[in-house]
Every structure is written in C-alpha cells, then in structure tokens.
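Dropping upload-v7.csv in here (CSV, N, CA, C and O atoms):
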```csv
chain,number,residue,atom,x,y,z
G,50,ALA,N,-2.3,-9.8,-4.5
G,50,ALA,CA,-1.6,-8.7,-5.1
G,50,ALA,C,-0.8,-9.3,-6.3
G,50,ALA,O,0.1,-10.2,-6.1
G,51,PRO,N,-1.1,-8.9,-7.5
G,51,PRO,CA,-0.3,-9.4,-8.7
G,51,PRO,C,1.1,-9.0,-8.6
G,51,PRO,O,1.4,-7.8,-8.3
G,52,THR,N,2.0,-9.9,-8.8
G,52,THR,CA,3.4,-9.7,-8.7
G,52,THR,C,3.9,-8.5,-9.6
G,52,THR,O,4.6,-7.6,-9.2
G,53,CYS,N,3.3,-8.4,-10.8
G,53,CYS,CA,3.7,-7.3,-11.7
G,53,CYS,C,3.3,-6.0,-11.2
G,53,CYS,O,4.0,-5.0,-11.4
G,54,ALA,N,2.2,-5.9,-10.5
G,54,ALA,CA,1.7,-4.6,-10.0
G,54,ALA,C,2.6,-4.2,-8.8
G,54,ALA,O,2.9,-3.1,-8.6
G,55,LEU,N,3.0,-5.2,-8.0
G,55,LEU,CA,4.0,-4.9,-6.9
G,55,LEU,C,5.3,-4.4,-7.4
G,55,LEU,O,5.8,-3.5,-6.8
G,56,VAL,N,5.8,-4.9,-8.5
G,56,VAL,CA,7.0,-4.5,-9.1
G,56,VAL,C,6.9,-3.0,-9.5
G,56,VAL,O,7.7,-2.1,-9.2
G,57,GLU,N,5.8,-2.7,-10.2
G,57,GLU,CA,5.6,-1.3,-10.7
G,57,GLU,C,5.4,-0.4,-9.5
G,57,GLU,O,5.9,0.7,-9.5
G,58,ALA,N,4.7,-0.8,-8.5
G,58,ALA,CA,4.5,0.1,-7.3
G,58,ALA,C,5.8,0.3,-6.6
G,58,ALA,O,6.1,1.4,-6.1
G,59,ASP,N,6.7,-0.7,-6.5
G,59,ASP,CA,8.0,-0.6,-5.9
G,59,ASP,C,8.9,0.3,-6.7
G,59,ASP,O,9.7,1.0,-6.1
G,60,ARG,N,8.8,0.4,-8.0
G,60,ARG,CA,9.6,1.3,-8.8
G,60,ARG,C,9.2,2.7,-8.5
G,60,ARG,O,10.0,3.6,-8.5
G,61,ALA,N,7.9,3.0,-8.3
G,61,ALA,CA,7.4,4.3,-8.0
G,61,ALA,C,7.7,4.7,-6.6
G,61,ALA,O,8.1,5.9,-6.4
G,62,ARG,N,7.6,3.8,-5.7
G,62,ARG,CA,7.9,4.1,-4.3
G,62,ARG,C,8.6,2.9,-3.7
G,62,ARG,O,8.0,1.9,-3.2
G,63,PRO,N,9.9,2.9,-3.6
G,63,PRO,CA,10.7,1.8,-3.1
G,63,PRO,C,10.2,1.4,-1.7
G,63,PRO,O,10.0,2.3,-0.8
G,64,GLY,N,10.1,0.1,-1.5
G,64,GLY,CA,9.7,-0.4,-0.3
G,64,GLY,C,8.2,-0.8,-0.2
G,64,GLY,O,7.8,-1.5,0.7
G,65,THR,N,7.5,-0.4,-1.2
G,65,THR,CA,6.0,-0.6,-1.3
G,65,THR,C,5.7,-2.1,-1.4
G,65,THR,O,4.9,-2.6,-0.7
G,66,ALA,N,6.4,-2.8,-2.3
G,66,ALA,CA,6.2,-4.2,-2.5
G,66,ALA,C,6.4,-5.0,-1.3
G,66,ALA,O,5.6,-5.9,-0.9
G,67,GLU,N,7.5,-4.8,-0.6
G,67,GLU,CA,7.9,-5.5,0.6
G,67,GLU,C,6.8,-5.2,1.7
G,67,GLU,O,6.4,-6.2,2.4
G,68,HIS,N,6.4,-4.0,1.8
G,68,HIS,CA,5.4,-3.6,2.8
G,68,HIS,C,4.1,-4.4,2.6
G,68,HIS,O,3.5,-5.0,3.4
G,69,LEU,N,3.6,-4.3,1.3
G,69,LEU,CA,2.3,-4.9,1.0
G,69,LEU,C,2.4,-6.4,1.1
G,69,LEU,O,1.5,-7.1,1.7
G,70,ALA,N,3.5,-7.0,0.7
G,70,ALA,CA,3.6,-8.5,0.8
G,70,ALA,C,3.7,-9.0,2.2
G,70,ALA,O,3.3,-10.1,2.5
G,71,ALA,N,4.1,-8.1,3.2
G,71,ALA,CA,4.2,-8.5,4.6
G,71,ALA,C,2.8,-8.3,5.3
G,71,ALA,O,2.7,-8.8,6.4
G,72,LEU,N,1.9,-7.7,4.7
G,72,LEU,CA,0.6,-7.5,5.4
G,72,LEU,C,-0.2,-8.8,5.5
G,72,LEU,O,-0.2,-9.6,4.6
G,73,PRO,N,-0.8,-9.0,6.7
G,73,PRO,CA,-1.6,-10.2,6.9
G,73,PRO,C,-2.8,-10.2,5.9
G,73,PRO,O,-3.4,-9.2,5.6
G,74,GLY,N,-3.1,-11.3,5.4
G,74,GLY,CA,-4.2,-11.4,4.5
G,74,GLY,C,-3.9,-11.1,3.0
G,74,GLY,O,-4.8,-11.3,2.1
G,75,ILE,N,-2.7,-10.7,2.7
G,75,ILE,CA,-2.3,-10.4,1.3
G,75,ILE,C,-1.7,-11.7,0.7
G,75,ILE,O,-0.8,-12.2,1.3
G,76,THR,N,-2.2,-12.0,-0.4
G,76,THR,CA,-1.6,-13.2,-1.2
G,76,THR,C,-0.9,-12.6,-2.4
G,76,THR,O,-1.5,-11.8,-3.2
G,77,VAL,N,0.3,-12.9,-2.6
G,77,VAL,CA,1.1,-12.4,-3.8
G,77,VAL,C,0.8,-13.5,-4.9
G,77,VAL,O,1.1,-14.7,-4.7
G,78,LEU,N,0.3,-13.0,-6.0
G,78,LEU,CA,0.0,-13.9,-7.1
G,78,LEU,C,1.2,-14.0,-8.1
G,78,LEU,O,1.7,-13.0,-8.6
G,79,ASP,N,1.6,-15.2,-8.3
G,79,ASP,CA,2.7,-15.5,-9.2
G,79,ASP,C,2.3,-15.2,-10.6
G,79,ASP,O,1.1,-15.2,-11.0
G,80,LEU,N,3.3,-15.0,-11.4
G,80,LEU,CA,3.1,-14.8,-12.9
G,80,LEU,C,3.2,-16.2,-13.5
G,80,LEU,O,4.3,-16.6,-14.0
G,81,ASP,N,2.1,-16.9,-13.4
G,81,ASP,CA,2.1,-18.3,-14.0
G,81,ASP,C,1.9,-18.2,-15.5
G,81,ASP,O,1.8,-17.1,-16.1
G,82,LEU,N,1.9,-19.3,-16.2
G,82,LEU,CA,1.8,-19.3,-17.7
G,82,LEU,C,0.6,-18.6,-18.2
G,82,LEU,O,0.7,-17.7,-19.1
G,83,PRO,N,-0.6,-18.9,-17.7
G,83,PRO,CA,-1.8,-18.1,-18.2
G,83,PRO,C,-1.7,-16.6,-17.9
G,83,PRO,O,-2.1,-15.8,-18.8
G,84,ALA,N,-1.2,-16.2,-16.8
G,84,ALA,CA,-1.0,-14.8,-16.5
G,84,ALA,C,0.0,-14.2,-17.5
G,84,ALA,O,-0.2,-13.1,-18.0
G,85,ALA,N,1.1,-14.9,-17.7
G,85,ALA,CA,2.1,-14.4,-18.6
G,85,ALA,C,1.6,-14.2,-20.0
G,85,ALA,O,1.9,-13.2,-20.7
G,86,LEU,N,0.8,-15.1,-20.5
G,86,LEU,CA,0.2,-15.0,-21.8
G,86,LEU,C,-0.8,-13.8,-21.9
G,86,LEU,O,-0.9,-13.1,-22.9
G,87,ALA,N,-1.5,-13.5,-20.8
G,87,ALA,CA,-2.4,-12.4,-20.7
G,87,ALA,C,-1.6,-11.1,-20.7
G,87,ALA,O,-2.0,-10.1,-21.4
G,88,VAL,N,-0.5,-11.1,-20.0
G,88,VAL,CA,0.4,-9.9,-19.9
G,88,VAL,C,1.0,-9.6,-21.3
G,88,VAL,O,1.2,-8.5,-21.7
G,89,ALA,N,1.4,-10.6,-22.0
G,89,ALA,CA,2.1,-10.5,-23.3
G,89,ALA,C,1.3,-9.6,-24.3
G,89,ALA,O,1.9,-8.9,-25.1
G,90,GLY,N,0.0,-9.6,-24.3
G,90,GLY,CA,-0.8,-8.9,-25.2
G,90,GLY,C,-1.2,-7.5,-24.8
G,90,GLY,O,-2.0,-6.9,-25.5
G,91,GLN,N,-0.8,-7.0,-23.6
G,91,GLN,CA,-1.2,-5.8,-23.1
G,91,GLN,C,-0.1,-4.7,-23.1
G,91,GLN,O,1.0,-5.0,-23.2
G,92,GLU,N,-0.6,-3.5,-22.8
G,92,GLU,CA,0.3,-2.3,-22.8
G,92,GLU,C,1.3,-2.4,-21.6
G,92,GLU,O,2.5,-2.1,-21.8
G,93,THR,N,0.8,-2.6,-20.4
G,93,THR,CA,1.7,-2.7,-19.2
G,93,THR,C,1.5,-4.0,-18.5
G,93,THR,O,0.4,-4.6,-18.5
G,94,TRP,N,2.6,-4.5,-18.0
G,94,TRP,CA,2.6,-5.7,-17.2
G,94,TRP,C,1.7,-5.6,-16.0
G,94,TRP,O,0.9,-6.5,-15.7
G,95,ALA,N,1.8,-4.5,-15.3
G,95,ALA,CA,1.1,-4.4,-14.0
G,95,ALA,C,-0.4,-4.4,-14.3
G,95,ALA,O,-1.2,-5.1,-13.6
G,96,GLY,N,-0.9,-3.6,-15.2
G,96,GLY,CA,-2.3,-3.5,-15.6
G,96,GLY,C,-2.8,-4.8,-16.1
G,96,GLY,O,-3.9,-5.3,-15.7
G,97,ALA,N,-2.1,-5.5,-16.9
G,97,ALA,CA,-2.5,-6.7,-17.5
G,97,ALA,C,-2.6,-7.8,-16.4
G,97,ALA,O,-3.5,-8.6,-16.4
G,98,HIS,N,-1.6,-7.9,-15.5
G,98,HIS,CA,-1.6,-8.9,-14.5
G,98,HIS,C,-2.8,-8.6,-13.5
G,98,HIS,O,-3.4,-9.5,-13.0
G,99,ALA,N,-3.0,-7.3,-13.2
G,99,ALA,CA,-4.1,-7.0,-12.3
G,99,ALA,C,-5.4,-7.4,-12.9
G,99,ALA,O,-6.3,-8.0,-12.3
G,100,ARG,N,-5.6,-7.0,-14.2
G,100,ARG,CA,-6.9,-7.4,-14.9
G,100,ARG,C,-7.1,-8.9,-14.9
G,100,ARG,O,-8.1,-9.4,-14.7
G,101,TYR,N,-6.0,-9.6,-15.2
G,101,TYR,CA,-6.1,-11.1,-15.3
G,101,TYR,C,-6.5,-11.6,-13.9
G,101,TYR,O,-7.3,-12.5,-13.8
G,102,ALA,N,-5.8,-11.1,-12.9
G,102,ALA,CA,-6.1,-11.6,-11.5
G,102,ALA,C,-7.5,-11.3,-11.0
G,102,ALA,O,-8.1,-12.0,-10.2
G,103,ALA,N,-8.1,-10.2,-11.6
G,103,ALA,CA,-9.5,-9.8,-11.2
G,103,ALA,C,-10.6,-10.5,-11.9
G,103,ALA,O,-11.7,-10.4,-11.5
G,104,GLN,N,-10.3,-11.3,-12.9
G,104,GLN,CA,-11.3,-12.0,-13.6
G,104,GLN,C,-11.9,-13.1,-12.8
G,104,GLN,O,-11.3,-13.6,-11.9
G,105,PRO,N,-13.2,-13.3,-13.0
G,105,PRO,CA,-13.9,-14.4,-12.3
G,105,PRO,C,-13.2,-15.8,-12.4
G,105,PRO,O,-12.7,-16.1,-13.5
G,106,THR,N,-13.3,-16.5,-11.4
G,106,THR,CA,-12.7,-17.9,-11.4
G,106,THR,C,-13.7,-18.8,-10.6
G,106,THR,O,-14.6,-18.2,-9.9
G,107,PRO,N,-13.6,-20.1,-10.6
G,107,PRO,CA,-14.5,-20.9,-9.8
G,107,PRO,C,-14.4,-20.6,-8.3
G,107,PRO,O,-15.4,-20.6,-7.7
G,108,ASP,N,-13.2,-20.2,-7.9
G,108,ASP,CA,-13.1,-19.8,-6.4
G,108,ASP,C,-13.7,-18.4,-6.1
G,108,ASP,O,-14.1,-18.1,-5.0
G,109,ARG,N,-13.6,-17.5,-7.1
G,109,ARG,CA,-14.2,-16.2,-7.0
G,109,ARG,C,-15.1,-15.9,-8.2
G,109,ARG,O,-14.7,-15.2,-9.1
G,110,PRO,N,-16.3,-16.3,-8.1
G,110,PRO,CA,-17.2,-16.2,-9.3
G,110,PRO,C,-17.5,-14.7,-9.6
G,110,PRO,O,-17.8,-14.4,-10.8
G,111,ASP,N,-17.4,-13.8,-8.7
G,111,ASP,CA,-17.6,-12.4,-9.0
G,111,ASP,C,-16.2,-11.7,-9.3
G,111,ASP,O,-16.2,-10.5,-9.6
G,112,GLY,N,-15.1,-12.4,-9.3
G,112,GLY,CA,-13.8,-11.8,-9.6
G,112,GLY,C,-13.3,-11.2,-8.3
G,112,GLY,O,-14.0,-11.1,-7.3
G,113,ALA,N,-12.1,-10.7,-8.4
G,113,ALA,CA,-11.4,-9.9,-7.3
G,113,ALA,C,-11.7,-8.4,-7.6
G,113,ALA,O,-12.1,-8.0,-8.6
G,114,ILE,N,-11.4,-7.7,-6.6
G,114,ILE,CA,-11.5,-6.2,-6.6
G,114,ILE,C,-10.1,-5.6,-6.8
G,114,ILE,O,-9.2,-6.0,-6.1
G,115,ILE,N,-10.0,-4.6,-7.7
G,115,ILE,CA,-8.7,-3.9,-7.9
G,115,ILE,C,-8.7,-2.7,-7.0
G,115,ILE,O,-9.6,-1.8,-7.2
G,116,ALA,N,-7.8,-2.7,-6.0
G,116,ALA,CA,-7.7,-1.5,-5.2
G,116,ALA,C,-6.7,-0.6,-5.8
G,116,ALA,O,-5.6,-1.0,-6.1
G,117,THR,N,-7.1,0.7,-6.0
G,117,THR,CA,-6.2,1.6,-6.8
G,117,THR,C,-6.4,3.1,-6.4
G,117,THR,O,-7.5,3.4,-5.9
G,118,THR,N,-5.4,3.9,-6.6
G,118,THR,CA,-5.5,5.3,-6.4
G,118,THR,C,-5.7,6.0,-7.8
G,118,THR,O,-5.7,7.2,-7.9
G,119,ALA,N,-5.8,5.1,-8.8
G,119,ALA,CA,-6.0,5.7,-10.2
G,119,ALA,C,-7.3,4.9,-10.8
G,119,ALA,O,-7.2,4.2,-11.8
G,120,PRO,N,-8.5,5.1,-10.2
G,120,PRO,CA,-9.6,4.4,-10.7
G,120,PRO,C,-10.0,4.7,-12.1
G,120,PRO,O,-10.6,3.9,-12.8
G,121,GLU,N,-9.6,5.9,-12.6
G,121,GLU,CA,-10.0,6.3,-14.0
G,121,GLU,C,-9.3,5.4,-15.0
G,121,GLU,O,-9.8,5.2,-16.1
G,122,ARG,N,-8.2,4.7,-14.6
G,122,ARG,CA,-7.5,3.8,-15.5
G,122,ARG,C,-8.3,2.6,-15.8
G,122,ARG,O,-8.2,2.0,-16.9
G,123,TRP,N,-9.3,2.3,-14.9
G,123,TRP,CA,-10.1,1.0,-15.1
G,123,TRP,C,-11.5,1.3,-15.7
G,123,TRP,O,-12.2,0.4,-15.8
G,124,VAL,N,-11.8,2.5,-16.0
G,124,VAL,CA,-13.1,2.8,-16.6
G,124,VAL,C,-13.3,2.1,-17.9
G,124,VAL,O,-12.3,2.0,-18.8
G,125,GLY,N,-14.4,1.4,-18.0
G,125,GLY,CA,-14.6,0.6,-19.2
G,125,GLY,C,-14.1,-0.8,-19.2
G,125,GLY,O,-14.3,-1.6,-20.1
G,126,GLU,N,-13.3,-1.1,-18.2
G,126,GLU,CA,-12.7,-2.5,-18.0
G,126,GLU,C,-13.7,-3.4,-17.3
G,126,GLU,O,-14.4,-2.9,-16.4
G,127,PRO,N,-13.7,-4.7,-17.6
G,127,PRO,CA,-14.7,-5.5,-16.9
G,127,PRO,C,-14.2,-6.0,-15.5
G,127,PRO,O,-14.1,-7.2,-15.3
G,128,VAL,N,-13.9,-5.0,-14.6
G,128,VAL,CA,-13.4,-5.4,-13.3
G,128,VAL,C,-14.1,-4.5,-12.3
G,128,VAL,O,-14.6,-3.4,-12.6
G,129,ARG,N,-14.1,-5.0,-11.0
G,129,ARG,CA,-14.6,-4.2,-9.9
G,129,ARG,C,-13.4,-3.4,-9.3
G,129,ARG,O,-12.3,-3.9,-9.2
G,130,VAL,N,-13.7,-2.1,-8.9
G,130,VAL,CA,-12.6,-1.2,-8.5
G,130,VAL,C,-13.0,-0.7,-7.1
G,130,VAL,O,-14.1,-0.3,-6.8
G,131,LEU,N,-11.9,-0.6,-6.2
G,131,LEU,CA,-12.0,0.0,-4.9
G,131,LEU,C,-11.1,1.3,-5.0
G,131,LEU,O,-9.9,1.1,-5.1
G,132,ASP,N,-11.7,2.4,-5.0
G,132,ASP,CA,-11.0,3.7,-5.1
G,132,ASP,C,-10.3,4.0,-3.8
G,132,ASP,O,-11.0,4.2,-2.8
G,133,LEU,N,-9.0,4.0,-3.8
G,133,LEU,CA,-8.2,4.4,-2.6
G,133,LEU,C,-7.7,5.8,-2.6
G,133,LEU,O,-6.9,6.1,-1.7
G,134,THR,N,-8.3,6.6,-3.4
G,134,THR,CA,-7.8,8.0,-3.5
G,134,THR,C,-8.1,8.7,-2.2
G,134,THR,O,-9.2,8.6,-1.7
G,135,PRO,N,-7.1,9.4,-1.6
G,135,PRO,CA,-7.4,10.1,-0.3
G,135,PRO,C,-8.3,11.2,-0.5
G,135,PRO,O,-8.6,11.8,-1.4
```
Spell out the structure here as structure tokens.
Amino acid sequence: APTCALVEADRARPGTAEHLAALPGITVLDLDLPAALAVAGQETWAGAHARYAAQPTPDRPDGAIIATTAPERWVGEPVRVLDLTP
C-alpha cells in the first residue's frame, strides 16, 4: 500500500490507513527518493505513488495491481487494476 494513497484514504475516511496497515500481508511502501521524484511531477500524490508502486520491478516483472473503487481513474494508465466497486 503506497503511503501517499493511505494518507488520502484516511483523509476521506478516518481510520482507513490504520486498518489497512494492520491487515496481514499488507506492506506499506515508503516514500523513498525515486517515489518522491515520481510524485513531484504528477497531479496527486496518492495517484502518483500508486502508479510508481505498480510499475514492473525485478521482483515483480508484471508490476503490482492497483486495488480501487475508482477504476475509471486508471483508464489509459500502464497499470493493472482490481475493481473493488461493490
């Protein structure tokens, strides 16, 4: 879970970040220098950090999946999306 996305989620629904961070299997991704540089050039910190975190890496050659209730936000982006819309 990208830190910036957790902050934005917690602003919308207080307690969300703490709940998600406590779930087993969830890794909270720090805003390291490469992520901060990616965030600096984007419209929102949460979206930029999520997109950065979803990019392919040697450990995840297919990239990570973005779980979201707003899948339309990611149309046209080079990321995989898991639609959580009820």
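Minimum distance to Ala84 (chain G) across G:Arg109, G:His68, G:His98, G:Arg129 (counting only N, CA, C and O atoms) occurs at G:His98.
Proximity ranking of G:Leu131, G:Ala103, G:Val77, G:Val88 relative to Ala116 (chain G) places G:Leu131 first, based on only N, CA, C and O atoms.
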Would you please give, as an MDAnalysis selection string, all residues of chain G that DSSP assigns to strand (DSSP E) based on the backbone? chainID G and resid 114:117 129:132
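Among the candidates G:Arg60, G:Thr65, G:Thr106, G:Arg100, the residue lying nearest to Val130 (chain G) is G:Arg100 (atoms considered: only C-alpha atoms).
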Need the shell around Leu80 (chain G): protein/DNA/RNA residues with any atom at most 10 Å away, counting only C-alpha atoms. Skip same-chain ones fewer than 6 positions apart. Format as a PyMOL selection string? chain G and resi 51-53+86-88+98+102
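Taking only N, CA, C and O atoms into account, Ile75 (chain G) lies nearest to G:Ala50 out of the set G:Glu126, G:Thr134, G:Ala50, G:Ala113.
Nearest residue to Ala95 (chain G) among G:Glu67, G:Glu57, G:Asp132, G:Asp111 is G:Glu57, counting only N, CA, C and O atoms.
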